[in-house]
>>> print(open('upload08.tsv').read())   # TSV, C-alpha atoms
chain	number	residue	atom	x	y	z
A	1	MET	CA	10.03	8.32	-19.12
A	2	LEU	CA	13.34	6.56	-18.53
A	3	ALA	CA	15.25	9.85	-18.70
A	4	ALA	CA	12.81	11.53	-16.30
A	5	LEU	CA	12.96	8.62	-13.85
A	6	THR	CA	16.74	8.84	-13.98
A	7	VAL	CA	16.54	12.57	-13.20
A	8	LEU	CA	14.40	11.85	-10.13
A	9	LEU	CA	16.82	9.15	-8.93
A	10	VAL	CA	19.88	11.34	-9.56
A	11	TYR	CA	18.34	14.17	-7.50
A	12	GLN	CA	17.48	11.72	-4.74
A	13	LEU	CA	21.05	10.42	-4.85
A	14	ILE	CA	22.52	13.93	-4.67
A	15	GLY	CA	20.16	14.59	-1.75
A	16	GLU	CA	21.31	11.47	0.10
A	17	VAL	CA	24.98	12.29	-0.48
A	18	LEU	CA	24.55	15.89	0.75
A	19	VAL	CA	22.71	14.67	3.86
A	20	GLN	CA	25.58	12.31	4.67
A	21	LEU	CA	28.35	14.80	3.82
A	22	LEU	CA	26.88	17.77	5.68
A	23	ALA	CA	25.19	15.71	8.43
A	24	LEU	CA	21.85	17.40	7.59
A	25	PRO	CA	18.94	16.56	9.88
A	26	VAL	CA	16.53	15.88	6.97
A	27	PRO	CA	15.88	12.83	4.74
A	28	GLY	CA	17.71	12.74	1.39
A	29	PRO	CA	14.59	12.79	-0.85
A	30	VAL	CA	13.49	16.09	0.74
A	31	VAL	CA	16.82	17.70	-0.17
A	32	GLY	CA	16.43	16.18	-3.65
A	33	MET	CA	12.96	17.74	-3.97
A	34	LEU	CA	14.32	21.15	-2.92
A	35	LEU	CA	17.20	20.91	-5.43
A	36	LEU	CA	14.85	19.88	-8.24
A	37	PHE	CA	12.50	22.76	-7.38
A	38	VAL	CA	15.42	25.23	-7.46
A	39	THR	CA	16.58	23.73	-10.78
A	40	LEU	CA	13.11	24.20	-12.30
A	41	LEU	CA	13.03	27.80	-11.02
A	42	ALA	CA	16.42	28.51	-12.62
A	43	ARG	CA	15.42	26.73	-15.84
A	44	GLY	CA	12.13	28.60	-16.10
A	45	SER	CA	10.06	25.55	-17.14
A	46	ALA	CA	9.52	21.86	-16.44
A	47	PRO	CA	10.23	19.50	-19.38
A	48	GLU	CA	7.17	17.65	-20.67
A	49	SER	CA	8.65	14.19	-20.00
A	50	LEU	CA	9.46	15.10	-16.38
A	51	ARG	CA	5.91	16.37	-15.88
A	52	THR	CA	4.40	13.19	-17.34
A	53	THR	CA	6.59	10.89	-15.24
A	54	ALA	CA	6.17	12.89	-12.01
A	55	ASN	CA	2.40	13.02	-12.43
A	56	GLY	CA	2.29	9.31	-13.27
A	57	LEU	CA	4.23	8.46	-10.13
A	58	LEU	CA	2.11	10.79	-7.98
A	59	ALA	CA	-1.14	9.44	-9.46
A	60	HIS	CA	-0.41	6.11	-7.77
A	61	LEU	CA	0.88	7.72	-4.60
A	62	SER	CA	-1.49	5.89	-2.28
A	63	LEU	CA	-0.26	2.49	-3.54
A	64	LEU	CA	3.23	3.37	-2.28
A	65	PHE	CA	1.96	3.51	1.32
A	66	VAL	CA	0.59	-0.03	1.29
A	67	PRO	CA	3.82	-1.95	2.22
A	68	ALA	CA	4.43	0.37	5.20
A	69	GLY	CA	0.78	0.03	6.21
A	70	VAL	CA	0.98	-3.76	6.26
A	71	GLY	CA	3.70	-3.25	8.92
A	72	VAL	CA	0.77	-2.79	11.30
A	73	MET	CA	1.06	-6.55	11.92
A	74	LEU	CA	4.39	-5.98	13.71
A	75	HIS	CA	2.73	-3.68	16.23
A	76	PHE	CA	-0.50	-5.45	17.14
A	77	GLU	CA	0.68	-5.89	20.73
A	78	ARG	CA	1.54	-2.22	21.31
A	79	LEU	CA	-1.56	-1.07	19.44
A	80	GLY	CA	-3.69	-3.41	21.56
A	81	ALA	CA	-2.18	-2.07	24.79
A	82	GLU	CA	-2.34	1.60	23.79
A	83	TRP	CA	-5.32	1.62	21.43
A	84	LEU	CA	-7.24	4.32	23.32
A	85	PRO	CA	-4.59	7.11	23.40
A	86	ILE	CA	-3.48	6.27	19.84
A	87	THR	CA	-7.00	6.25	18.37
A	88	VAL	CA	-8.14	9.43	20.12
A	89	ALA	CA	-4.85	11.21	19.33
A	90	LEU	CA	-4.99	10.30	15.63
A	91	VAL	CA	-8.67	11.07	15.05
A	92	ALA	CA	-8.84	14.30	17.08
A	93	SER	CA	-5.49	15.59	15.87
A	94	THR	CA	-6.35	14.95	12.21
A	95	VAL	CA	-9.71	16.74	12.43
A	96	VAL	CA	-8.25	19.66	14.43
A	97	THR	CA	-5.30	20.03	12.03
A	98	ILE	CA	-7.54	20.12	8.94
A	99	GLY	CA	-9.78	22.70	10.67
A	100	VAL	CA	-6.97	24.93	11.97
A	101	ALA	CA	-5.06	24.95	8.68
A	102	ALA	CA	-8.21	25.73	6.65
A	103	LEU	CA	-9.44	28.49	8.98
A	104	VAL	CA	-6.03	30.19	9.24
A	105	MET	CA	-5.60	30.14	5.47
A	106	ARG	CA	-9.09	31.52	4.86
A	107	ALA	CA	-8.63	34.25	7.48
A	108	LEU	CA	-5.32	35.37	5.93
A	109	GLN	CA	-6.76	35.39	2.39
A	110	ARG	CA	-9.04	38.28	3.29
B	111	MET	CA	-2.90	-37.02	-3.49
B	112	SER	CA	-0.15	-36.49	-0.96
B	113	GLY	CA	2.19	-36.19	-3.96
B	114	THR	CA	0.26	-33.20	-5.31
B	115	ALA	CA	0.17	-31.67	-1.86
B	116	SER	CA	3.92	-32.00	-1.41
B	117	THR	CA	4.57	-30.58	-4.90
B	118	PHE	CA	2.36	-27.66	-4.01
B	119	ALA	CA	4.22	-27.27	-0.72
B	120	GLU	CA	7.52	-27.25	-2.59
B	121	ILE	CA	6.28	-24.59	-5.01
B	122	TRP	CA	5.04	-22.56	-2.04
B	123	VAL	CA	8.41	-22.82	-0.29
B	124	TYR	CA	10.13	-21.73	-3.49
B	125	LEU	CA	7.76	-18.82	-4.15
B	126	SER	CA	7.61	-17.56	-0.59
B	127	ALA	CA	11.40	-17.24	-0.61
B	128	SER	CA	11.40	-15.01	-3.72
B	129	PRO	CA	10.39	-11.32	-3.80
B	130	LEU	CA	7.99	-11.95	-6.70
B	131	LEU	CA	5.12	-12.99	-4.46
B	132	GLY	CA	5.23	-10.01	-2.08
B	133	LEU	CA	5.38	-7.56	-4.97
B	134	THR	CA	2.62	-9.25	-6.97
B	135	VAL	CA	0.15	-9.58	-4.10
B	136	THR	CA	0.71	-5.90	-3.21
B	137	LEU	CA	-0.23	-4.79	-6.72
B	138	LEU	CA	-3.15	-7.24	-6.94
B	139	ALA	CA	-4.53	-6.22	-3.53
B	140	TYR	CA	-4.27	-2.52	-4.39
B	141	GLN	CA	-6.05	-2.96	-7.72
B	142	ALA	CA	-8.80	-5.02	-6.11
B	143	ALA	CA	-9.16	-2.38	-3.39
B	144	TYR	CA	-9.26	0.37	-6.00
B	145	TRP	CA	-11.96	-1.48	-7.90
B	146	ILE	CA	-14.04	-1.66	-4.69
B	147	TYR	CA	-13.38	2.06	-4.10
B	148	GLU	CA	-14.67	2.89	-7.59
B	149	LYS	CA	-17.70	0.62	-7.13
B	150	ALA	CA	-18.42	2.52	-3.90
B	151	LYS	CA	-18.47	5.73	-6.01
B	152	MET	CA	-15.18	6.88	-4.41
B	153	ASN	CA	-16.79	7.07	-0.99
B	154	PRO	CA	-13.97	8.10	1.40
B	155	LEU	CA	-14.94	5.25	3.75
B	156	ALA	CA	-13.89	2.72	1.09
B	157	ASN	CA	-10.30	4.00	1.23
B	158	PRO	CA	-8.15	1.84	-1.08
B	159	VAL	CA	-5.09	1.90	1.20
B	160	ALA	CA	-7.12	0.70	4.19
B	161	ILE	CA	-8.76	-2.07	2.16
B	162	SER	CA	-5.51	-3.31	0.60
B	163	VAL	CA	-3.70	-3.30	3.95
B	164	ALA	CA	-6.55	-5.29	5.53
B	165	MET	CA	-6.51	-7.84	2.69
B	166	LEU	CA	-2.73	-8.26	2.82
B	167	VAL	CA	-2.59	-8.58	6.61
B	168	ALA	CA	-5.30	-11.26	6.42
B	169	LEU	CA	-3.42	-13.07	3.65
B	170	LEU	CA	-0.09	-13.01	5.53
B	171	TRP	CA	-1.82	-14.13	8.70
B	172	PHE	CA	-3.58	-17.07	7.01
B	173	THR	CA	-0.42	-18.21	5.20
B	174	ASP	CA	1.68	-17.66	8.33
B	175	THR	CA	4.07	-15.42	6.38
B	176	PRO	CA	6.27	-13.12	8.46
B	177	TYR	CA	6.26	-9.40	7.55
B	178	PRO	CA	10.00	-9.30	6.64
B	179	THR	CA	9.41	-12.07	4.05
B	180	TYR	CA	6.54	-10.09	2.53
B	181	PHE	CA	8.60	-6.89	2.59
B	182	GLU	CA	11.39	-8.56	0.56
B	183	GLY	CA	9.07	-8.12	-2.41
B	184	ALA	CA	6.99	-5.13	-1.29
B	185	GLN	CA	10.14	-3.05	-0.78
B	186	PHE	CA	10.20	-2.34	-4.53
B	187	VAL	CA	6.92	-0.46	-4.16
B	188	HIS	CA	8.04	1.11	-0.86
B	189	PHE	CA	11.27	2.28	-2.50
B	190	LEU	CA	9.34	4.46	-4.97
B	191	LEU	CA	8.35	6.76	-2.08
B	192	GLY	CA	11.83	8.31	-2.44
B	193	PRO	CA	11.59	9.31	-6.12
B	194	ALA	CA	7.91	10.24	-5.52
B	195	THR	CA	9.03	12.70	-2.84
B	196	VAL	CA	11.54	14.24	-5.28
B	197	ALA	CA	8.77	14.32	-7.92
B	198	LEU	CA	6.71	16.62	-5.65
B	199	ALA	CA	8.92	19.46	-6.89
B	200	VAL	CA	7.06	19.25	-10.21
B	201	PRO	CA	3.47	20.06	-9.04
B	202	LEU	CA	5.02	22.53	-6.60
B	203	TYR	CA	6.63	24.31	-9.54
B	204	ALA	CA	3.46	24.05	-11.65
B	205	ASN	CA	1.64	26.01	-8.93
B	206	LEU	CA	4.33	28.68	-8.69
B	207	GLU	CA	1.98	31.57	-9.58
B	208	THR	CA	-0.68	30.57	-7.03
B	209	LEU	CA	2.10	29.94	-4.55
B	210	LYS	CA	3.44	33.48	-5.02
B	211	ARG	CA	-0.02	35.06	-4.87
B	212	ASN	CA	-1.01	33.23	-1.68
B	213	LEU	CA	2.35	33.36	0.04
B	214	LEU	CA	1.12	34.77	3.34
B	215	PRO	CA	-2.06	32.66	3.72
B	216	LEU	CA	-0.13	29.53	2.75
B	217	ALA	CA	2.75	30.29	5.12
B	218	GLY	CA	0.35	31.02	7.99
B	219	ALA	CA	-1.70	27.87	7.39
B	220	LEU	CA	1.49	25.82	7.05
B	221	VAL	CA	2.96	26.92	10.39
B	222	ALA	CA	-0.38	26.67	12.21
B	223	GLY	CA	-1.20	23.25	10.69
B	224	SER	CA	2.26	21.81	11.16
B	225	VAL	CA	2.47	22.79	14.84
B	226	THR	CA	-1.15	21.78	15.52
B	227	ALA	CA	-0.63	18.32	13.98
B	228	ALA	CA	2.38	17.45	16.12
B	229	LEU	CA	1.37	19.14	19.39
B	230	SER	CA	-2.24	17.92	19.41
B	231	ALA	CA	-1.23	14.31	18.68
B	232	VAL	CA	1.52	14.23	21.31
B	233	GLY	CA	-0.56	16.22	23.82
B	234	ILE	CA	-3.63	13.99	23.55
B	235	GLY	CA	-1.53	10.81	23.56
B	236	TRP	CA	0.36	12.01	26.65
B	237	ALA	CA	-2.83	13.01	28.50
B	238	LEU	CA	-4.29	9.55	27.86
B	239	GLY	CA	-1.15	7.76	29.03
B	240	ALA	CA	0.65	6.65	25.85
B	241	SER	CA	4.23	5.43	26.31
B	242	ARG	CA	7.25	7.61	25.46
B	243	GLU	CA	8.16	5.58	22.35
B	244	THR	CA	4.58	5.82	21.10
B	245	LEU	CA	4.54	9.60	21.67
B	246	LEU	CA	7.80	10.09	19.75
B	247	SER	CA	6.43	7.92	16.95
B	248	LEU	CA	3.18	9.96	16.92
B	249	ALA	CA	4.84	13.38	16.56
B	250	PRO	CA	5.56	13.26	12.79
B	251	LYS	CA	2.32	11.42	11.88
B	252	SER	CA	0.99	14.06	9.48
B	253	VAL	CA	4.11	14.05	7.30
B	254	THR	CA	4.58	11.72	4.35
B	255	THR	CA	6.12	8.30	5.20
B	256	PRO	CA	9.80	8.61	4.15
B	257	ILE	CA	10.13	11.95	5.94
B	258	ALA	CA	8.21	10.83	9.00
B	259	MET	CA	10.24	7.62	9.36
B	260	GLY	CA	13.48	9.61	9.15
B	261	ILE	CA	12.25	12.06	11.77
B	262	ALA	CA	11.01	9.31	14.13
B	263	GLU	CA	14.38	7.61	13.91
B	264	LYS	CA	16.19	10.83	14.79
B	265	LEU	CA	13.78	11.53	17.67
B	266	GLY	CA	14.16	8.04	19.14
B	267	GLY	CA	10.72	6.73	18.15
B	268	LEU	CA	10.02	3.50	16.24
B	269	PRO	CA	10.17	4.18	12.46
B	270	SER	CA	8.01	1.17	11.55
B	271	LEU	CA	5.34	2.21	14.09
B	272	THR	CA	5.48	5.76	12.71
B	273	ALA	CA	4.90	4.37	9.21
B	274	VAL	CA	1.71	2.69	10.44
B	275	LEU	CA	0.55	5.82	12.28
B	276	VAL	CA	1.28	7.93	9.19
B	277	VAL	CA	-0.74	5.63	6.95
B	278	THR	CA	-3.60	5.56	9.49
B	279	THR	CA	-3.55	9.37	9.71
B	280	GLY	CA	-3.69	9.61	5.93
B	281	ILE	CA	-6.69	7.29	5.77
B	282	LEU	CA	-8.44	9.20	8.60
B	283	GLY	CA	-7.74	12.49	6.84
B	284	ALA	CA	-9.13	11.18	3.56
B	285	VAL	CA	-12.24	9.90	5.37
B	286	LEU	CA	-12.89	12.85	7.72
B	287	ALA	CA	-11.87	15.87	5.60
B	288	ARG	CA	-15.14	16.34	3.75
B	289	GLY	CA	-17.28	16.38	6.90
B	290	THR	CA	-14.89	18.63	8.82
B	291	LEU	CA	-14.54	21.18	6.02
B	292	ASN	CA	-18.27	21.21	5.27
B	293	LEU	CA	-18.98	21.80	8.96
B	294	LEU	CA	-16.64	24.81	8.91
B	295	ARG	CA	-18.22	25.99	5.62
B	296	VAL	CA	-14.86	26.07	3.84
B	297	LYS	CA	-15.74	26.01	0.14
B	298	ASP	CA	-12.58	27.17	-1.69
B	299	HIS	CA	-10.91	24.09	-3.19
B	300	ALA	CA	-7.46	25.65	-2.77
B	301	VAL	CA	-8.04	26.01	0.99
B	302	ARG	CA	-9.66	22.57	1.32
B	303	GLY	CA	-6.80	20.93	-0.56
B	304	PHE	CA	-4.02	22.68	1.31
B	305	ALA	CA	-5.51	21.75	4.70
B	306	VAL	CA	-5.91	18.10	3.68
B	307	GLY	CA	-2.34	17.97	2.34
B	308	ILE	CA	-0.92	19.33	5.60
B	309	ALA	CA	-2.96	16.99	7.81
B	310	ALA	CA	-3.05	13.85	5.70
B	311	HIS	CA	-0.03	13.92	3.29
B	312	GLY	CA	-0.06	11.63	0.23
B	313	ILE	CA	-3.18	9.63	1.02
B	314	GLY	CA	-5.12	12.88	1.56
B	315	THR	CA	-3.56	14.25	-1.62
B	316	ALA	CA	-4.52	11.17	-3.63
B	317	ARG	CA	-8.09	11.64	-2.38
B	318	ALA	CA	-8.02	15.39	-3.18
B	319	PHE	CA	-6.91	14.73	-6.77
B	320	GLN	CA	-10.02	12.59	-7.20
B	321	VAL	CA	-12.24	15.50	-6.11
B	322	SER	CA	-10.70	18.23	-8.28
B	323	GLU	CA	-7.45	19.20	-9.98
B	324	THR	CA	-7.10	22.42	-7.92
B	325	MET	CA	-7.75	20.61	-4.67
B	326	GLY	CA	-5.15	17.99	-5.57
B	327	ALA	CA	-2.50	20.53	-6.57
B	328	PHE	CA	-2.92	22.42	-3.31
B	329	ALA	CA	-2.95	19.21	-1.30
B	330	GLY	CA	0.34	18.25	-2.97
B	331	LEU	CA	1.66	21.68	-2.11
B	332	GLY	CA	0.56	21.29	1.53
B	333	MET	CA	2.11	17.83	1.74
B	334	GLY	CA	5.40	18.98	0.21
B	335	LEU	CA	5.70	22.15	2.29
B	336	ASN	CA	4.69	20.41	5.52
B	337	GLY	CA	7.20	17.65	4.81
B	338	MET	CA	9.94	20.20	4.28
B	339	ALA	CA	8.95	22.41	7.22
B	340	THR	CA	8.69	19.46	9.61
B	341	ALA	CA	11.90	17.85	8.35
B	342	PHE	CA	13.86	21.05	8.92
B	343	LEU	CA	12.12	22.36	12.06
B	344	PHE	CA	11.63	19.18	14.09
B	345	PRO	CA	15.24	18.11	14.59
B	346	VAL	CA	16.18	21.72	15.46
B	347	LEU	CA	13.34	21.98	18.00
B	348	VAL	CA	14.22	18.64	19.56
B	349	THR	CA	17.92	19.56	19.77
B	350	LEU	CA	17.05	22.87	21.43
B	351	TRP	CA	14.65	21.12	23.80
B	352	GLY	CA	17.04	18.25	24.58
B	353	GLY	CA	20.14	20.47	24.95
>>> encode(input="upload08.tsv", output="structure tokens")
Amino acid sequence: MLAALTVLLVYQLIGEVLVQLLALPVPGPVVGMLLLFVTLLARGSAPESLRTTANGLLAHLSLLFVPAGVGVMLHFERLGAEWLPITVALVASTVVTIGVAALVMRALQR
Amino acid sequence: MSGTASTFAEIWVYLSASPLLGLTVTLLAYQAAYWIYEKAKMNPLANPVAISVAMLVALLWFTDTPYPTYFEGAQFVHFLLGPATVALAVPLYANLETLKRNLLPLAGALVAGSVTAALSAVGIGWALGASRETLLSLAPKSVTTPIAMGIAEKLGGLPSLTAVLVVTTGILGAVLARGTLNLLRVKDHAVRGFAVGIAAHGIGTARAFQVSETMGAFAGLGMGLNGMATAFLFPVLVTLWGG
């Protein structure tokens, strides 16, 4: 688990360094994810310990959003002033996006 | 009596200055919220993220604790979003065969979903009179937090507002997906999962994993691909548009 966690952090670190060096427009962890994916492709398999650690981390994924969510308290004023456009935009856009993505995928599967 | 009170006040001052409290209450709140979610038979309305955020905001409000003080401790949880994003390569790789077989449907759904998510949110917000900063913060709302915050910062939005909008979108997606997909008679768990992952990132994915393994894997795939697509496409689009 320790080795696998280190692998994840090393890939994130390489990602961050590449983003800074090459002035890439994407966050470091995304580059790290791409590099790890390419590594797994080249390797032909994912080590058991990496799979266990990755799945363990992803199993508690929703917990990781809690600190950012609590940040809502910083924006009460703006949210109070703009609650109507924000609420309608979020609800409608989420429903429409789920619908469009599902229908396009189903249509292309046939 | 006043002695006990002042001792307690001293302990409080000591604890509230250390990161231990913020971290511990985050984990406690989440586990309490998850317990409620399980008691509610995993009903999407009892979303554990929504419940824990509500409990923590109430707690901070009652104890008059500023958000930055809380975040001193909670940042250790927040930090794990980075390695978790890297970890997405693993389920992505595990679904390599399905990925190859469904390349065209997945690519089509990804582009359509990604564009729909950003344009519909910004379009509706603009039509209803949202401010420029709010619109820029809304654009990446379907992408997972670390990516969305990075994008919002580059666009000139407010990263912390984006984080809140992203979390809200995830909760909405987890709550509304079942009804929407049933209405459209979409039954295939691969399709259901992928759509939820694109629209509602990690919170949608967490929900999908609770419904079925296939749905979760495809939701993870949708979240990962949408994160990558948006991270690469958005800044390019904005540069083209701005220049």
>>> closest_residue(input="upload08.tsv", among="B:Phe342, B:Leu291, B:Thr175, B:Pro201", to="Val123 (chain B)", atoms="only C-alpha atoms")
B:Thr175
>>> residues_around(input="upload08.tsv", residues="Leu138 (chain B)", least_positions_apart="4", cutoff="12 Å", atoms="all atoms listed in the file", output="short mmCIF file (atom, residue, chain, number, x, y, z; two decimals) with C-alpha atoms, keeping the file's coordinate frame")
data_model
loop_
_atom_site.label_atom_id
_atom_site.label_comp_id
_atom_site.auth_asym_id
_atom_site.auth_seq_id
_atom_site.Cartn_x
_atom_site.Cartn_y
_atom_site.Cartn_z
CA LEU A 63 -0.26 2.49 -3.54
CA VAL A 66 0.59 -0.03 1.29
CA LEU B 131 5.12 -12.99 -4.46
CA GLY B 132 5.23 -10.01 -2.08
CA LEU B 133 5.38 -7.56 -4.97
CA THR B 134 2.62 -9.25 -6.97
CA ALA B 142 -8.80 -5.02 -6.11
CA ALA B 143 -9.16 -2.38 -3.39
CA TYR B 144 -9.26 0.37 -6.00
CA TRP B 145 -11.96 -1.48 -7.90
CA PRO B 158 -8.15 1.84 -1.08
CA ILE B 161 -8.76 -2.07 2.16
CA SER B 162 -5.51 -3.31 0.60
CA VAL B 163 -3.70 -3.30 3.95
CA MET B 165 -6.51 -7.84 2.69
CA LEU B 166 -2.73 -8.26 2.82
CA ALA B 184 6.99 -5.13 -1.29
#
>>> interface_residues(input="upload08.tsv", of="chain A", to="chain B", cutoff="7 Å", atoms="only C-alpha atoms", output="VMD selection string")
chain A and resid 8 to 9 12 25 to 27 29 to 30 32 to 34 36 to 37 51 54 57 to 59 61 to 73 75 82 85 to 86 89 to 91 93 to 95 97 to 102 104 to 106 108 to 109
>>> axis_aligned_box(input="upload08.tsv", around="region 319-324 of chain B", padding_each_side="5 Å", output="JSON")
{"center_x": -9.6, "center_y": 17.5, "center_z": -8.0, "size_x": 15.3, "size_y": 19.8, "size_z": 13.9}
>>> atom_distance(input="upload08.tsv", atom1="CA of Ala4 (chain A)", atom2="CA of Leu130 (chain B)")
25.8 Å
>>> atom_distance(input="upload08.tsv", atom1="CA of Ile121 (chain B)", atom2="CA of Phe172 (chain B)")
17.3 Å
>>> residues_near_point(input="upload08.tsv", point="(-13.1, 9.0, -5.0)", cutoff="8 Å", atoms="all atoms listed in the file", output="MDAnalysis selection string")
chainID B and resid 147:148 151:154 317 320:321
>>> atom_distance(input="upload08.tsv", atom1="CA of Ala150 (chain B)", atom2="CA of Met333 (chain B)")
26.2 Å
>>> closest_residue(input="upload08.tsv", among="B:Glu207, B:Gly266, B:Glu182, B:Phe328", to="Leu125 (chain B)", atoms="all atoms listed in the file")
B:Glu182
